Amino acid sequence: AGSDKGASASDSGANATKTVATTAAPQETVDQLYAKAKEEGKLIVYSTSGRANDAAETFMKQYPGIKVEVSKVKSDQMMDKVTKEQDAGQFNPDVIVTKEVSGAVFEEMVKQGRYLKYLPEDIAPKVEEPFRTQDEAYANYVEFRTIFYNTAHYKEAPVKNWWDLTTPEFKGKVYTADPLSSPAFMDLFTTMVLHSDEMAAAYKDKFGKDIVLQGTENAGYEFIKELFANGLVVLKGSDDVLDAIGKANSEAIGLAVSGDVSKNEEKGWTIQPIYDIKPKTAVPDAGYLFLAKKAPHDDAAKLFIRWMMGETDGKGEGMAPFNQIGSWVPRSDVITKNQVTFKQLNLWTFDGDALYKAAPKVRDFWIKQK
Amino acid sequence: MNAIEITNINVSIHGKHVLKGIDLTIAKGEFMTFLGPSGCGKTTLLRTIAGLQSADEGTLRIGNKEAVNSATGHYLEASKRGVNLVFQSYALWPHMTVYENVAFGLQVQKLPKDQTQARVRVALANMRISELETRYPGQLSGGQQQRVAIARAIVTEPEILLLDEPLSNLDAKLRIEMRAELKRLHHELKTTIIYVTHDQHEAMTLSTQVAVFFGGKVVQVDKPRQLYHRPRTLEVAEFIGNAGLHLNYIEGTIVGSEGGQRLETSLGFLEVDGEVGETGREIILTLKPEDIRLSEMMGPDSLAVHIEAVFPSGSETLVQTRAGELSLMIRVMGDMEVEVGSQLYAKPRMDRINLYDKMTGRLLEVPIQFIQPREELHHENRFSHSR
Amino acid sequence: MNAIEITNINVSIHGKHVLKGIDLTIAKGEFMTFLGPSGCGKTTLLRTIAGLQSADEGTLRIGNKEAVNSATGHYLEASKRGVNLVFQSYALWPHMTVYENVAFGLQVQKLPKDQTQARVRVALANMRISELETRYPGQLSGGQQQRVAIARAIVTEPEILLLDEPLSNLDAKLRIEMRAELKRLHHELKTTIIYVTHDQHEAMTLSTQVAVFFGGKVVQVDKPRQLYHRPRTLEVAEFIGNAGLHLNYIEGTIVGSEGGQRLETSLGFLEVDGEVGETGREIILTLKPEDIRLSEMMGPDSLAVHIEAVFPSGSETLVQTRAGELSLMIRVMGDMEVEVGSQLYAKPRMDRINLYDKMTGRLLEVPIQFIQPREELHHENRFSHSR
Amino acid sequence: MPQARLVRLRNHTLSRLRNPIYWIGVPALLLLTYVILWPVVKLISTTFVWKVQDARLAPQANPGHFTLFHWHRVLASDISLPLFYKPILHSLVVGVSVSVLSLLFGCVLAWFVTRTDMPLKRMISFLIVIPYLLPNWILSRAWLLFFKNSKIGGTPGILQSILHITPPDWLAYGFVPITLTITVHDSVFVFLLVGAALSAMNSQLEEAASLTGASRLTVMRRIVFPLVMPSVLSAFILIFTKAISSYGVPAMLGTPVNFDMISTMLYASMRSRLMTEANVLSLTLMAITMVTIYINQRVIGKHRSYITVTGKAGAQTLTALGRSKWPVASMMTVLMVILAVVPLLILLLQTFMLKEGVYTLSNLTMHYWWGGSDPAINTGEKGALRNDIFLLALKNSLTIAGISSVIAAIVGLVIGYVVARGRQNWLGRTVDQISFLPYLIPGISLAAMYITMFAKPTLFIPALYGTIAILIVITVVKELPFTVKAGSAALMQISPELEEAAQISGASWLTRFRRILLPLTHKSIASVFLLVFIGAMKEMELIILLVTPRTETLTTLTFYYAEKGYDQLTNVILMVIIGIVITVYLLAVRFGKADLTQGIGGSS
Ligand SMILES: Nc1ncnc2c1ncn2[C@@H]1O[C@H](COP(=O)(O)OP(=O)(O)OP(=O)(O)O)[C@@H](O)[C@H]1O
Ligand SMILES: Nc1ncnc2c1ncn2[C@@H]1O[C@H](COP(=O)(O)OP(=O)(O)OP(=O)(O)O)[C@@H](O)[C@H]1O
Ligand SMILES: [Mg+2]
Ligand SMILES: [Mg+2]
């Protein structure tokens, strides 16, 4: 059921040059798909997120006769796995649930036609930009890296500007997961470098004077440098950061994934993410949904993607695992559990192309700071 | 002073009772040989003395130190006993060269390097293996390995040297040279040596004392010649002497006579001094093949014998002879050119005949004198007695 | 048919040239003994025959199969040669019981279980180790291990049996029993046996042929008695015979005489049949201690000697004597009760004197006859010649 | 005479073919070439070619063409110091320190357990295996539990919160804890390898030394230690390589103080999709190890012999410790309890705690083991044993670990045979070198290459990708360094005469292997089996790329739980894995004579 129709250009805004292989807008109704999918009998999902498992369970209840098998793989490893499989002529997965790896997913998978964009016509209008036309695919949920603080210590968000982190108040009290081993963290810093003008402006806003670069290229790099100079503590992962600031009455703050706020109760943390920081809070880290190239269970795959999207009306149970606090479903017809809506979030756009090119350089800079 | 005093040593290995109450005293400067059949416990006793095998019972004193005392649980470590051992299986260190193997003991004693070197070189030269210095044990022939093992033990000049069949893989010529070296050690350094060998010639020529073992027990401790001539039991008699199988056994009975008792045997009637035992008791006489002289001429005390077979073996010849129903094995030096079937004269040495109780196998310490042939049995073949 | 034909075999181990052009033919059913000093290459040759050591050069035929041919690079695997070997170092498998060790070869041959059992039992019984069946080698004494090694080799009844000092750790009595067992094998099964031993008595009594090795070369192959009496070189002469060190050497020179040549020695002038060699050439006579008879009476051909020392050793006695500047070692059977300093008469056996070229060390095959004492040297101590 | 030469050639070939070193060695070499060398060659070749992605780093990139850019970048650019030189220095220092400590710790333990009459041996040798059962991040966490200071925030360590001593950074993070944690985790390799060698050693060699008056320490140093040198060196190389390539511990304990090692930099490069850089870094590690192995081969040498199992058997006697017997045993037990049992119990306790860190009775629950779905806990995730795929994963894990550990042990011994007996031979040495590479190829890279290599049938190899077989293959390959080293070290101890004696009895190589070599090395085999089994049960990196939903394993299940942050569930699976391994261990000891404390030949 290979419905690979090749590349079709979608032309809009900043991502004018994005050339994306798309499965054409379907005429099929859910019933038609289900009928065909039942013949296929099963489908295989490669997912970076365990939420796909939850969606699969409800899906199998809803559409009996179709078995969903979910493989959990990290997004960068998934790229390797799928590339090698496809090059060897093995087309295993039907659905891909993945996050970006500094633009590499777009460059190395989407552009090559290995991951295919799929957005049913009936749902497309309800999808917020950039995920409707501008981005590489529809994202079923969006998270981002931001500063967390301990509400037991701070009554309100202690940070309003990224440059606050470079002040003596936070010396040795800022934690981050290691951007070297989690690229999504690096993406935030890379984006700051890309938007150095805004960073410079924010600097002026904070300190009331123009930034003086200390041998760095721009305000983005300067920020990283000063962050290190202020005793940034790098920990292994996001959970370590939250552990560091979440327990007890900590005055420390840390950089972590917005979605982690949902673990608060479970872990006994008293932490909150900050949703508005100058110049921009963060860059989105989207959980994209793709069809895989030459998906063997094409119709089941589409049915499942629709299920995860929440179906036409956005009320489908399949979306529930994705619509959580700390993460946003970029659909206008879906009510978020967060206090702010997706549109209200003050985010940079995820510019895969630019990130992809700039990431190594920022990474090098980071390494040199050690 | 005694070098080693062993009292009632009992050793069991994995439940097998190997040494059964050994009592043995070895004087300082003694050259003591252990003789005994394979598996009788010689190695085990050496290991016990060296401190490599723990004893279940008994005491062991080495010099003036108590080494083992089962009653108090005392046990002196092997490394503190001043004893060295040449292992039956050599136990050379495969990762060290010959030089290193031999030098090890001296290095442990922290001897200066030049002295170590000098002494190792001497030991190697004495063992005729100087040119093998840099080889590893795996690159040596069996005999060469054995000599390294000896060199390793003697180079430290221990007070007590235990040697477990140290020359078994050497040729006759080397063996003689090695023996000379051991004798030198024994004399010059007054080393107390305990030696295990299966070569009885070695035992006889080297040692000042021989202990004979059977089944984990000491059955006789004696000077070599004494042991050779007067084995204390039939078992020992049979075991001693290369003759082993060729020992001449002559059965007999104690009979009463006017003067006291005499023995009735197939050799004739033997008169003894005093009482031997109960009349009617069966006895056995032993006579070594080399204690019978064979000659062409009938001499005093000689017995006419027929030659039944001749077994030449280079330096000596065994001659099997018969006199009536009595079969006698006789050993003669060099080649004996004699025809089978011919008649010659055999003359046994009376003082070399040993008398044993057939039942208990114990030596009866009674001097024997020949008296008279049993005319009724040997008409023609008789000893012409002329004393 | 020949069991083994060895032609120009050369073997180097780690660059050391160990076997240097060995040529040797062993007939089927032969009992061949290898004699030679420690390290001369006996084990290496056995290993080469067995196929455990590869040869650099030469050919080896076993039966009618070619086993090694360096020219064509042919090499027959050890397991296909129908040969078994008793290793000098036993090579027992430490993880198997005695029974399993011995049964292994039969199991490999896929013999039915009951037959295997029967044959193993017989072999163990012959080696007197039946009761050790369930023990592991680590639980045995040295001699017991050695017997297991023999049992393991003989149980498969190979066509060719190689034994590398198989009895070195056994006592005299067992050794005789084991020899008998080997002889039985040799006779009953017509097994070709190659035997390495350092016990020359063993070599003489067991074997039908003896090969003498020196430094990786075969120097003499002969019947035992021939070898004993006529060693082909001085080196062999010195090596052979337990006497080793006690061999009597008598130096001399070839001098011209009317009839041809004669030898001038410290024994006197010896007349020889025909030409010996260049006049003026130095020669050496050898005479074994057991080939001199010592007696109290002056007999024909005897020489008056003074007793210098007596070394008794149980079954025999070595007597060191002197006649002028000539020192003679004499061996007599049994105990010799003689006083040092007394005078006796020594009578050498003329036919046992061997004559060697001093330079080359080769035997000169010339019969010797005694002629005349050198009056000018030995006034009183002379042979009284009466022929 | 060309014909004669031909005959000669044919015979030579024939006799070589009959020589096990060749007929095993050559196929082994071919196999290794395909499964190891080929991936490595590919790895090397990528480092000299521009990739499309390189345009990100260098504008001059010309895809497909030769370049030294990557090597230059790693070794001689402005980034080299932090990217390569500092990390490699750290790696080497950690590698050497871990090796030295592990050797000290492992050898001493092994000696006490195998060569003395110390009581409680069985228990102690059992306890020594436990730290290896725990994932090494558990040990790191246990370290932090005690020594954490305020630097990384959160709950302070016990030392600080109870004793009010602030542990300095150097004690809490970086070199010291990394070294100690890896040491505790990996010294079981030394213990088992050296222990197997020691227990096979003829005790007369020790006795001979003590008779010269040498102290125990001298005997250890001059006789025992050098004699088991092949095992010691193997253990050294294994530990060294494991240490320099380990990621989890340095990532957790090194990051807070910027203590980078090559392994962490390599992982970072990989995650940033700078594959070539990662490849260059792993090649530098390989180069280091090659040098180490070369030195090892030189030390083990041509002539030097390490034969301690000979055909003249001697009774194995144990060194009597006398009065110090019990104190030594108690000390070891206490030490091992602290190192092994405490972390294990903490872990076990956690699986019964509804909320982490709440130490009340009411907080105890069996929910995480077999509780039903409760929306209030873990968003309704059921107890681990109730998970639908648990049984499948358990079955798969057992199959993979079981089969691959048996195969690995045998393959290791067979290839080890070539290495040990072919020490003088180019073949033996080459096989030795190649078989060591898998430890240094990052698991992910190897797995990625295996997808390509085994996705389609190649030659006679069927398409294995997607089956359990490929997981077994890669597990066996990945463990080859250990299995081959263990096998060859064990075989070096065995006198070739023992094999020859069987050969002359007419036994084929296979029979010799089965009846002589296998039983003589059974202890070493048992260790190999056990460690590979544990390794396979814990393995994650390697299989994550190769699993498909049908080949889900217990570890992929923990990956799922861990990602979701379900700590207790993760621990439950860990406990299951540990439970299985302990059971297998006990079974092996009971039925497989895999006793790690006894002398050879069952002479008990
Ligand atoms: N691996 C080796 N490297 C170098 N030389 C060796 C090696 N193995 C043996 N040799 C030498 O080869 C020679 C012959 O050894 P072989 O074992 O054949 O002697 P042998 O005649 O059996 O001696 P023995 O009677 O002492 O057992 C010896 O000089 C020995 O040193
Ligand atoms: N580990 C053991 N378990 C059981 N029995 C043993 C063990 N070690 C030795 N023995 C037995 O103890 C006895 C004595 O052994 P030992 O080695 O002392 O004999 P030996 O007199 O030296 O013999 P050989 O002359 O053959 O070397 C032997 O019968 C042997 O079988
Ligand atoms: Mg013994
Ligand atoms: Mg030899």
# chains A, B, ... in the order shown; residues from 1 in each chain; ligands from 1
>>> residues_near_ligand(ligand="ligand 1", cutoff="6 Å", atoms="only C-alpha atoms and all ligand atoms", output="JSON list (two decimals) with N, CA, C and O atoms, in the first residue's frame")
[["chain", "number", "residue", "atom", "x", "y", "z"],
["B", 139, "GLN", "N", 61.67, -25.91, 28.46],
["B", 139, "GLN", "CA", 62.57, -26.16, 27.34],
["B", 139, "GLN", "C", 63.67, -27.15, 27.70],
["B", 139, "GLN", "O", 64.68, -27.22, 27.02],
["B", 140, "LEU", "N", 63.45, -27.88, 28.76],
["B", 140, "LEU", "CA", 64.48, -28.81, 29.20],
["B", 140, "LEU", "C", 64.01, -30.24, 29.08],
["B", 140, "LEU", "O", 62.82, -30.52, 29.12],
["B", 141, "SER", "N", 64.96, -31.13, 29.00],
["B", 141, "SER", "CA", 64.61, -32.55, 29.02],
["B", 141, "SER", "C", 64.31, -32.94, 30.47],
["B", 141, "SER", "O", 64.61, -32.20, 31.40],
["B", 142, "GLY", "N", 63.73, -34.12, 30.62],
["B", 142, "GLY", "CA", 63.34, -34.58, 31.95],
["B", 142, "GLY", "C", 64.50, -34.56, 32.93],
["B", 142, "GLY", "O", 64.39, -34.06, 34.05],
["B", 143, "GLY", "N", 65.63, -35.10, 32.51],
["B", 143, "GLY", "CA", 66.78, -35.17, 33.40],
["B", 143, "GLY", "C", 67.34, -33.80, 33.73],
["B", 143, "GLY", "O", 67.80, -33.56, 34.85],
["B", 144, "GLN", "N", 67.29, -32.92, 32.76],
["B", 144, "GLN", "CA", 67.77, -31.56, 33.01],
["B", 144, "GLN", "C", 66.89, -30.87, 34.04],
["B", 144, "GLN", "O", 67.38, -30.20, 34.96],
["C", 13, "ILE", "N", 64.18, -27.53, 17.90],
["C", 13, "ILE", "CA", 63.12, -26.95, 18.75],
["C", 13, "ILE", "C", 63.55, -25.55, 19.14],
["C", 13, "ILE", "O", 64.63, -25.38, 19.72],
["C", 14, "HIS", "N", 62.73, -24.60, 18.79],
["C", 14, "HIS", "CA", 63.07, -23.20, 19.07],
["C", 14, "HIS", "C", 64.49, -22.87, 18.66],
["C", 14, "HIS", "O", 65.26, -22.30, 19.43],
["C", 16, "LYS", "N", 66.97, -24.67, 18.42],
["C", 16, "LYS", "CA", 68.03, -25.55, 18.90],
["C", 16, "LYS", "C", 67.98, -26.85, 18.11],
["C", 16, "LYS", "O", 66.97, -27.53, 18.06],
["C", 18, "VAL", "N", 68.21, -30.30, 17.82],
["C", 18, "VAL", "CA", 68.19, -31.34, 18.83],
["C", 18, "VAL", "C", 68.53, -32.72, 18.26],
["C", 18, "VAL", "O", 69.36, -33.43, 18.80],
["C", 38, "SER", "N", 71.51, -37.65, 29.71],
["C", 38, "SER", "CA", 70.38, -36.74, 29.86],
["C", 38, "SER", "C", 70.50, -35.60, 28.86],
["C", 38, "SER", "O", 71.55, -34.98, 28.72],
["C", 39, "GLY", "N", 69.41, -35.35, 28.15],
["C", 39, "GLY", "CA", 69.39, -34.22, 27.23],
["C", 39, "GLY", "C", 69.91, -34.53, 25.83],
["C", 39, "GLY", "O", 70.12, -33.62, 25.04],
["C", 40, "CYS", "N", 70.08, -35.82, 25.53],
["C", 40, "CYS", "CA", 70.69, -36.13, 24.23],
["C", 40, "CYS", "C", 69.64, -36.23, 23.13],
["C", 40, "CYS", "O", 69.98, -36.34, 21.96],
["C", 41, "GLY", "N", 68.38, -36.23, 23.47],
["C", 41, "GLY", "CA", 67.36, -36.22, 22.42],
["C", 41, "GLY", "C", 66.49, -37.47, 22.35],
["C", 41, "GLY", "O", 65.74, -37.65, 21.40],
["C", 42, "LYS", "N", 66.54, -38.29, 23.37],
["C", 42, "LYS", "CA", 65.75, -39.51, 23.34],
["C", 42, "LYS", "C", 64.26, -39.21, 23.31],
["C", 42, "LYS", "O", 63.52, -39.73, 22.47],
["C", 43, "THR", "N", 63.84, -38.37, 24.24],
["C", 43, "THR", "CA", 62.43, -38.02, 24.29],
["C", 43, "THR", "C", 61.99, -37.37, 22.98],
["C", 43, "THR", "O", 60.91, -37.67, 22.45],
["C", 44, "THR", "N", 62.83, -36.52, 22.46],
["C", 44, "THR", "CA", 62.48, -35.84, 21.23],
["C", 44, "THR", "C", 62.28, -36.84, 20.10],
["C", 44, "THR", "O", 61.34, -36.71, 19.30]]
>>> select_by_dssp(residues="stretch 66-266 of chain A", states="helix (DSSP H, G or I)", output="VMD selection string")
chain A and resid 75 to 87 104 to 110 124 to 126 162 to 166 168 to 170 183 to 194 196 to 207 219 to 229 238 to 246 258 to 266
>>> closest_residue(among="C:Thr233, C:Thr33, C:Ser168, C:Gln343", to="ligand 3", atoms="only C-alpha atoms and all ligand atoms")
C:Ser168
>>> atom_distance(atom1="atom CA of C:Ala125", atom2="atom CA of C:Ala103")
13.6 Å
>>> closest_atom_pairs(of="chain C", to="ligand 4", cutoff="12 Å", atoms="only C-alpha atoms and all ligand atoms", output="JSON lines")
{"residue": "C:Phe34", "atom": "CA", "partner": "ligand 4", "partner_atom_place_in_ligand_line": "1 (Mg)", "distance": 10.3}
{"residue": "C:Leu35", "atom": "CA", "partner": "ligand 4", "partner_atom_place_in_ligand_line": "1 (Mg)", "distance": 10.5}
{"residue": "C:Gly36", "atom": "CA", "partner": "ligand 4", "partner_atom_place_in_ligand_line": "1 (Mg)", "distance": 9.8}
{"residue": "C:Pro37", "atom": "CA", "partner": "ligand 4", "partner_atom_place_in_ligand_line": "1 (Mg)", "distance": 9.5}
{"residue": "C:Ser38", "atom": "CA", "partner": "ligand 4", "partner_atom_place_in_ligand_line": "1 (Mg)", "distance": 7.0}
{"residue": "C:Gly39", "atom": "CA", "partner": "ligand 4", "partner_atom_place_in_ligand_line": "1 (Mg)", "distance": 6.7}
{"residue": "C:Cys40", "atom": "CA", "partner": "ligand 4", "partner_atom_place_in_ligand_line": "1 (Mg)", "distance": 8.2}
{"residue": "C:Gly41", "atom": "CA", "partner": "ligand 4", "partner_atom_place_in_ligand_line": "1 (Mg)", "distance": 7.0}
{"residue": "C:Lys42", "atom": "CA", "partner": "ligand 4", "partner_atom_place_in_ligand_line": "1 (Mg)", "distance": 5.6}
{"residue": "C:Thr43", "atom": "CA", "partner": "ligand 4", "partner_atom_place_in_ligand_line": "1 (Mg)", "distance": 4.1}
{"residue": "C:Thr44", "atom": "CA", "partner": "ligand 4", "partner_atom_place_in_ligand_line": "1 (Mg)", "distance": 7.2}
{"residue": "C:Leu45", "atom": "CA", "partner": "ligand 4", "partner_atom_place_in_ligand_line": "1 (Mg)", "distance": 9.3}
{"residue": "C:Leu46", "atom": "CA", "partner": "ligand 4", "partner_atom_place_in_ligand_line": "1 (Mg)", "distance": 8.9}
{"residue": "C:Arg47", "atom": "CA", "partner": "ligand 4", "partner_atom_place_in_ligand_line": "1 (Mg)", "distance": 9.8}
{"residue": "C:Val86", "atom": "CA", "partner": "ligand 4", "partner_atom_place_in_ligand_line": "1 (Mg)", "distance": 11.1}
{"residue": "C:Phe87", "atom": "CA", "partner": "ligand 4", "partner_atom_place_in_ligand_line": "1 (Mg)", "distance": 8.7}
{"residue": "C:Gln88", "atom": "CA", "partner": "ligand 4", "partner_atom_place_in_ligand_line": "1 (Mg)", "distance": 6.2}
{"residue": "C:Ser89", "atom": "CA", "partner": "ligand 4", "partner_atom_place_in_ligand_line": "1 (Mg)", "distance": 8.8}
{"residue": "C:Tyr90", "atom": "CA", "partner": "ligand 4", "partner_atom_place_in_ligand_line": "1 (Mg)", "distance": 11.5}
{"residue": "C:Leu162", "atom": "CA", "partner": "ligand 4", "partner_atom_place_in_ligand_line": "1 (Mg)", "distance": 11.9}
{"residue": "C:Leu163", "atom": "CA", "partner": "ligand 4", "partner_atom_place_in_ligand_line": "1 (Mg)", "distance": 10.2}
{"residue": "C:Asp164", "atom": "CA", "partner": "ligand 4", "partner_atom_place_in_ligand_line": "1 (Mg)", "distance": 6.6}
{"residue": "C:Glu165", "atom": "CA", "partner": "ligand 4", "partner_atom_place_in_ligand_line": "1 (Mg)", "distance": 7.5}
{"residue": "C:Pro166", "atom": "CA", "partner": "ligand 4", "partner_atom_place_in_ligand_line": "1 (Mg)", "distance": 10.6}
{"residue": "C:Ser168", "atom": "CA", "partner": "ligand 4", "partner_atom_place_in_ligand_line": "1 (Mg)", "distance": 11.5}
{"residue": "C:Tyr195", "atom": "CA", "partner": "ligand 4", "partner_atom_place_in_ligand_line": "1 (Mg)", "distance": 11.0}
{"residue": "C:Val196", "atom": "CA", "partner": "ligand 4", "partner_atom_place_in_ligand_line": "1 (Mg)", "distance": 7.9}
{"residue": "C:Thr197", "atom": "CA", "partner": "ligand 4", "partner_atom_place_in_ligand_line": "1 (Mg)", "distance": 9.1}
{"residue": "C:His198", "atom": "CA", "partner": "ligand 4", "partner_atom_place_in_ligand_line": "1 (Mg)", "distance": 10.0}
{"residue": "C:Phe213", "atom": "CA", "partner": "ligand 4", "partner_atom_place_in_ligand_line": "1 (Mg)", "distance": 12.0}
>>> closest_residue(among="D:Gly466, D:Pro20, D:Gly535, D:Gly422", to="chain A", atoms="only C-alpha atoms")
D:Gly466
>>> residues_around(residues="D:Leu103", least_positions_apart="5", cutoff="10 Å", atoms="only C-alpha atoms", output="ChimeraX atom specification")
/D:97-98,108-110,183,187-191,194,232-233,235-236,239
>>> interface_residues(of="chain D", to="chain C", cutoff="7 Å", atoms="only C-alpha atoms", output="list in words")
Ala4, Val7, Arg8, Asn11, His12, Ser15, Thr310, Gly311, Lys312, Ala313, Gly314, Ala315, Glu497, Leu498, Glu500, Ala501, Gln503, Ile504, Ser505, Gly506, Ala507, Pro519, Leu520, Ile600 and Gly601 of chain D
>>> select_by_dssp(residues="stretch 65-245 of chain A", states="strand (DSSP E or B)", output="PyMOL selection string")
chain A and resi 67-72+95-99+115-117+127+139-150+161+174-177+233-235
>>> interface_residues(of="chain D", to="chain A", cutoff="7 Å", atoms="only C-alpha atoms", output="list in words")
Arg56, Leu57, Ile79, Pro82, Leu83, Ile152, Gly153, Gly154, Thr155, Ala251, Met252, Thr255, Pro256, Asn258, Tyr267, Ala268, Arg271, Ser272, Ala448, Ile451, Thr452, Ala455, Lys456, Ile544, Leu545, Thr548, Pro549, Tyr560 and Lys564 of chain D
>>> residues_around(residues="stretch 334-338 of chain B", least_positions_apart="2", cutoff="12 Å", atoms="only C-alpha atoms", output="PyMOL selection string")
(chain B and resi 294-296+306-321+330-332+340-344) or (chain C and resi 225+228-229+241+243+287-293+316+330-333+348-349+351-352)
>>> residues_around(residues="C:Ile284", least_positions_apart="3", cutoff="8 Å", atoms="only C-alpha atoms", output="ChimeraX atom specification")
/C:249-252,355-358
>>> atom_distance(atom1="atom CA of B:Lys347", atom2="atom CA of B:Arg230")
19.6 Å
>>> residues_around(residues="B:Gln226", least_positions_apart="3", cutoff="12 Å", atoms="only C-alpha atoms", output="list in words")
Met204, Thr208, Gln209, Val210, Ala211, Gln220, Val221, Asp222, Lys223, His229, Arg230, Pro231, Arg232, Ala237, Ile240 and Arg352 of chain B; Ser313 and Gly314 of chain C
>>> residues_around(residues="A:Gly318", least_positions_apart="3", cutoff="12 Å", atoms="only C-alpha atoms", output="VMD selection string")
chain A and resid 51 to 63 140 303 to 315 321 to 323
>>> closest_residue(among="C:Thr360, C:Asn169, C:Ser257, C:Ser207", to="ligand 3", atoms="only C-alpha atoms and all ligand atoms")
C:Asn169
>>> closest_residue(among="C:Leu170, C:Ser12, C:Leu161, C:Ile6", to="ligand 3", atoms="only C-alpha atoms and all ligand atoms")
C:Leu170
